[in-house]
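Read the structure below first, then the notes.
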Amino acid sequence: MNWFTKAITSTIGRKIVVAFTGLFLCLFLVVHLLGNLQLLANDGGKSFNLYAKFMTTSPIIQTISIGNFVFILLHIIQSTILTIKNRQARPVGYAIVENRSTWASRNMGFLGSFILLFLVGHLANFWWKMKFGEMPIIGIDGMQVKDLYFVVSEAFKDPLIVGLYVFSMVFIGLHLSHGFQSAFQTFGLHHVKYTPLIQFIGWVFCIVVPLGYAIIPVVMYLRAL
Amino acid sequence: MNLTLKVWRQKNANSKGEFKTYHVKDISPDMSFLEMFDVLNEELLLKGEDPIAFDHDCREGICGMCSMYINGHPHGPGQTTTCQLHMRSFKDGDTIVVEPWRAKAFPVVKDLVVDRSAFDRIIQAGGYISVNTGNAPDANEIPIPKEVADAAFNAATCIGCGACVAACKNASAMLFVAAKVAQFAMLPQGQVERKKRVEQMVAQMDAEGFGACTNTGACAAECPKEISLANIAILNREYLAAKATSEYV
Ligand code: HEM
Ligand code: SF4
Ligand code: FES
């Protein structure tokens, strides 16, 4: 193995990859949320559909989205390997364990696996349809545009889907309640001046972002009633 | 005090092992946990039974030998070593469960004794500085700011007990390795081998089969010497910097 593969397959190296990709995914969550909030614009889906068209056709966005998929994959592969190795490091467990750590920090693998399930369903529901499926077409300002707004608002008429989305956001929030600040520690950033700030931002982030996502299906469901 | 003990008994590294229940009577609350074990072992010897094997040496909280996982915590409740844990931390009639450290890299030798030579091999891999011995150098010959000296000293107080490994859900040795790496990285004397040290110690840590760090903080919460998580951040950035810039490939 050369020095680089040695570095990124060491325990610390793998963690640095998980942290880097994890923080990138946090950035993605913010951008994705800002776009999705246009679902609430109350203009029959005009601004959301234009946004969706831009996102699926712009070459820059296409490139970034490939990077995004690669990063998710790297995050999943490295964190899964770590989780398996961490289990193997204690073949015989204790009869009694009293923990002095947060539940989320001990269950990142479980939380991540649930997020992965959600992600698969979510992509199949909207992204796959938009890219490859049969879509209704709508005319906006003389342009023929795929009506993703219609597909989304139909999906969010089902209280089961709405419930599932809200529920999944709780898992993302918990994953980030530990993950956000943990990533900075992994990079080696621990400082009397900055760590409290990072922790504060982490708490705000893990509440506000999932809440923002959860509001969308709930509001759309209530509006359609 | 009268207590019920459930202690892990295991003949040798290859046997299966199981919990055995013992009752101890008239224990003074001023006894240390190890002294309570001495009392029990005397009784076992009188009965012709095999006494419980456990590690101990200094009995004053500085050697790090007294490894026991007591009621779900390394070294029991409170943040101290087992030899400094007193029976007044328990209530009369309590049931106390005592297990060995559990980690692939710390195999059980007998009963509560585990083999911690993995730590020695990590130290051998780079936890040292190369200097000419001989006459003791003058104190304060090399100027070191007080804050730096204090931080390095705090890291150096790690006694290599392994409670961090025992407490971590991943059986990770990161806090131990971090303390050793940080201590030298902060001081001028540690600069010569700085990059090589962190690369080799982490490689050895991985080879021994310790888990990775998930930053749960369980280690620092149980460490009897209160080694802080800041050291793990130092280890992470020392490793990253060394991997990116060292001449070793
Ligand atoms: C929205 C998507 C996701 C985001 C924003 C995200 C973010 C993060 C962040 C910031 C960390 C902290 C890195 C560190 O501790 O240094 C992390 C850790 C982790 N993630 Fe994710 N993650 C996401 C999805 C997933 C998925 C789909 C999985 C897996 C199957 C996963 C599994 C893990 C695991 C196991 C860890 C902990 C690794 C360890 O410390 O041992 N994550 N994540
Ligand atoms: S870091 Fe603390 S718990 Fe770990 S070996 Fe050193 S003294 Fe023991
Ligand atoms: S016996 Fe030395 S620290 Fe407990």
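By order in the structure tokens, chains are A, B, ...; within a chain, residues start at 1; ligands start at 1, following the order shown.
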Cut-off 7 Å, only C-alpha atoms and all ligand atoms, neighbours of ligand 3 as a list in words
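Counting only C-alpha atoms and all ligand atoms, the residues within 7 Å of ligand 3 come out as His56, Asp57, Cys58, Arg59, Glu60, Gly61, Ile62, Cys63, Gly64, Met65, Cys66, Thr81, Thr82, Cys83 and Gln84 of chain B.
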Residues just named, written with C-alpha atoms as a PDB file, in the first residue's frame:
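After the write, again_10.pdb holds the following:
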ATOM      1  CA  HIS B  56      -2.432  -4.349  41.666  1.00  0.00           C
ATOM      2  CA  ASP B  57       0.850  -2.805  42.615  1.00  0.00           C
ATOM      3  CA  CYS B  58       1.208   0.656  44.176  1.00  0.00           C
ATOM      4  CA  ARG B  59      -2.223   0.840  45.803  1.00  0.00           C
ATOM      5  CA  GLU B  60      -1.896   4.613  45.800  1.00  0.00           C
ATOM      6  CA  GLY B  61      -3.351   5.497  42.424  1.00  0.00           C
ATOM      7  CA  ILE B  62      -0.172   5.964  40.430  1.00  0.00           C
ATOM      8  CA  CYS B  63       0.737   2.685  38.736  1.00  0.00           C
ATOM      9  CA  GLY B  64      -2.482   1.941  36.851  1.00  0.00           C
ATOM     10  CA  MET B  65      -2.419  -1.801  37.470  1.00  0.00           C
ATOM     11  CA  CYS B  66      -5.696  -2.276  39.374  1.00  0.00           C
ATOM     12  CA  THR B  81      -8.512   3.911  40.450  1.00  0.00           C
ATOM     13  CA  THR B  82      -9.804   0.743  42.119  1.00  0.00           C
ATOM     14  CA  CYS B  83      -7.165   0.994  44.849  1.00  0.00           C
ATOM     15  CA  GLN B  84      -8.435   4.492  45.685  1.00  0.00           C
TER      16      GLN B  84
END
Who sits within 9 Å of stretch 179-193 of chain B, only C-alpha atoms, same chain under 3 positions skipped, as a PyMOL selection string:
chain B and resi 123+126-131+142+144+148-149+151-158+174-176+196-198+201+227-228+231-232+234-235+238
Tell me the residues of chain B close to chain A, meaning within 8 Å using only C-alpha atoms, as a ChimeraX atom specification.
/B:71-73,97,99,102-105,169-172,202-203,206,209-218,221-222,230,232-237,239-240,243,249
I want to know what sits within 10 Å of stretch 10-26 of chain B, based on only C-alpha atoms, with residues of the same chain fewer than 2 positions away left out; could you give that as a ChimeraX atom specification?
/A:95 /B:1-8,28-29,36-37,39-40,43-44,50,52-53,92-93,95-100,107-115
Excluding A:Gly45 and its own-chain neighbours fewer than 6 positions away, which residues fall within 10 Å of it when counting only C-alpha atoms? Please give them as a PyMOL selection string.
chain A and resi 38-39+51+138+140+147-150+152-153
What residues in stretch 15-163 of chain B get the DSSP label strand (DSSP E or B)? Please answer as a ChimeraX atom specification.
/B:18-24,32,69-70,73-74,86,95-99,103,106,108-110,113-114
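Across A:Met220, A:Leu40, A:Ile81, A:Met135, the tightest approach to ligand 1 is made by A:Ile81 when counting only C-alpha atoms and all ligand atoms.
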Can you list, as a PDB file with C-alpha atoms, in the first residue's frame, all residues belonging to stretch 20-207 of chain B that DSSP tags as helix (DSSP H, G or I)?
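That gives us part.pdb:
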ATOM      1  CA  PHE B  33     -11.964  -2.040  47.175  1.00  0.00           C
ATOM      2  CA  LEU B  34      -8.756  -4.059  46.879  1.00  0.00           C
ATOM      3  CA  GLU B  35      -8.576  -4.564  50.654  1.00  0.00           C
ATOM      4  CA  MET B  36     -12.105  -5.925  50.524  1.00  0.00           C
ATOM      5  CA  PHE B  37     -10.851  -8.370  47.878  1.00  0.00           C
ATOM      6  CA  ASP B  38      -7.917  -9.280  50.139  1.00  0.00           C
ATOM      7  CA  VAL B  39     -10.389 -10.193  52.881  1.00  0.00           C
ATOM      8  CA  LEU B  40     -12.374 -12.343  50.483  1.00  0.00           C
ATOM      9  CA  ASN B  41      -9.221 -14.021  49.152  1.00  0.00           C
ATOM     10  CA  GLU B  42      -8.050 -14.869  52.696  1.00  0.00           C
ATOM     11  CA  GLU B  43     -11.367 -16.607  53.250  1.00  0.00           C
ATOM     12  CA  LEU B  44     -11.085 -18.475  49.963  1.00  0.00           C
ATOM     13  CA  LEU B  45      -7.551 -19.611  50.849  1.00  0.00           C
ATOM     14  CA  LEU B  46      -8.713 -20.871  54.258  1.00  0.00           C
ATOM     15  CA  THR B  82      -9.804   0.743  42.119  1.00  0.00           C
ATOM     16  CA  CYS B  83      -7.165   0.994  44.849  1.00  0.00           C
ATOM     17  CA  GLN B  84      -8.435   4.492  45.685  1.00  0.00           C
ATOM     18  CA  MET B  87     -16.165   0.775  50.339  1.00  0.00           C
ATOM     19  CA  ARG B  88     -18.057   3.824  51.622  1.00  0.00           C
ATOM     20  CA  SER B  89     -18.967   4.389  47.962  1.00  0.00           C
ATOM     21  CA  SER B 117       1.195  -5.438  26.845  1.00  0.00           C
ATOM     22  CA  ALA B 118      -0.478  -3.960  23.741  1.00  0.00           C
ATOM     23  CA  PHE B 119       0.044  -0.577  25.464  1.00  0.00           C
ATOM     24  CA  ASP B 120       3.753  -1.361  25.924  1.00  0.00           C
ATOM     25  CA  ARG B 121       4.105  -2.156  22.233  1.00  0.00           C
ATOM     26  CA  ILE B 122       2.427   1.153  21.345  1.00  0.00           C
ATOM     27  CA  ILE B 123       4.918   2.977  23.565  1.00  0.00           C
ATOM     28  CA  GLN B 124       7.792   1.024  22.002  1.00  0.00           C
ATOM     29  CA  ALA B 125       6.575   2.124  18.581  1.00  0.00           C
ATOM     30  CA  GLY B 126       7.238   5.786  19.343  1.00  0.00           C
ATOM     31  CA  LYS B 146       4.133  27.754  31.833  1.00  0.00           C
ATOM     32  CA  GLU B 147       0.821  27.040  30.032  1.00  0.00           C
ATOM     33  CA  VAL B 148       2.566  24.635  27.649  1.00  0.00           C
ATOM     34  CA  ALA B 149       4.450  22.919  30.444  1.00  0.00           C
ATOM     35  CA  ASP B 150       1.196  22.517  32.397  1.00  0.00           C
ATOM     36  CA  ALA B 151      -0.702  21.070  29.427  1.00  0.00           C
ATOM     37  CA  ALA B 152       2.139  18.662  28.647  1.00  0.00           C
ATOM     38  CA  PHE B 153       2.328  17.656  32.299  1.00  0.00           C
ATOM     39  CA  ASN B 154      -1.414  17.021  32.436  1.00  0.00           C
ATOM     40  CA  ALA B 155      -1.100  14.714  29.425  1.00  0.00           C
ATOM     41  CA  ALA B 156       1.917  13.036  31.016  1.00  0.00           C
ATOM     42  CA  ALA B 163      -9.801   2.470  31.747  1.00  0.00           C
ATOM     43  CA  CYS B 164     -10.336   4.486  28.565  1.00  0.00           C
ATOM     44  CA  VAL B 165     -10.274   1.287  26.495  1.00  0.00           C
ATOM     45  CA  ALA B 166     -12.520  -0.466  28.995  1.00  0.00           C
ATOM     46  CA  ALA B 167     -15.054   2.374  28.990  1.00  0.00           C
ATOM     47  CA  MET B 174      -7.283   6.831  21.438  1.00  0.00           C
ATOM     48  CA  LEU B 175      -7.206   8.654  24.797  1.00  0.00           C
ATOM     49  CA  PHE B 176      -4.122   6.751  25.925  1.00  0.00           C
ATOM     50  CA  VAL B 177      -2.289   7.241  22.615  1.00  0.00           C
ATOM     51  CA  ALA B 178      -3.443  10.876  22.500  1.00  0.00           C
ATOM     52  CA  ALA B 179      -2.010  11.571  25.956  1.00  0.00           C
ATOM     53  CA  LYS B 180       1.346  10.085  24.975  1.00  0.00           C
ATOM     54  CA  VAL B 181       1.517  11.823  21.597  1.00  0.00           C
ATOM     55  CA  ALA B 182       0.314  15.203  22.901  1.00  0.00           C
ATOM     56  CA  GLN B 183       2.748  15.234  25.811  1.00  0.00           C
ATOM     57  CA  PHE B 184       5.744  15.059  23.470  1.00  0.00           C
ATOM     58  CA  ALA B 185       4.268  17.137  20.636  1.00  0.00           C
ATOM     59  CA  PRO B 188      10.753  21.065  22.397  1.00  0.00           C
ATOM     60  CA  GLN B 189      12.325  17.733  23.370  1.00  0.00           C
ATOM     61  CA  GLY B 190       9.643  15.895  21.446  1.00  0.00           C
ATOM     62  CA  ARG B 194       7.369  14.233  16.230  1.00  0.00           C
ATOM     63  CA  LYS B 195       5.981  13.043  12.892  1.00  0.00           C
ATOM     64  CA  LYS B 196       7.389   9.549  12.947  1.00  0.00           C
ATOM     65  CA  ARG B 197       6.108   9.070  16.488  1.00  0.00           C
ATOM     66  CA  VAL B 198       2.451   9.733  15.753  1.00  0.00           C
ATOM     67  CA  GLU B 199       2.495   7.697  12.534  1.00  0.00           C
ATOM     68  CA  GLN B 200       4.083   4.671  14.179  1.00  0.00           C
ATOM     69  CA  MET B 201       2.059   4.785  17.390  1.00  0.00           C
ATOM     70  CA  VAL B 202      -1.237   4.995  15.491  1.00  0.00           C
ATOM     71  CA  ALA B 203      -0.145   2.162  13.166  1.00  0.00           C
ATOM     72  CA  GLN B 204       0.673   0.017  16.212  1.00  0.00           C
ATOM     73  CA  MET B 205      -2.620   0.967  17.889  1.00  0.00           C
ATOM     74  CA  ASP B 206      -4.476  -0.245  14.784  1.00  0.00           C
ATOM     75  CA  ALA B 207      -2.390  -3.419  14.532  1.00  0.00           C
TER      76      ALA B 207
END
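The space separating atom CA of B:His86 from atom CA of B:Met68 comes to 13.9 Å.
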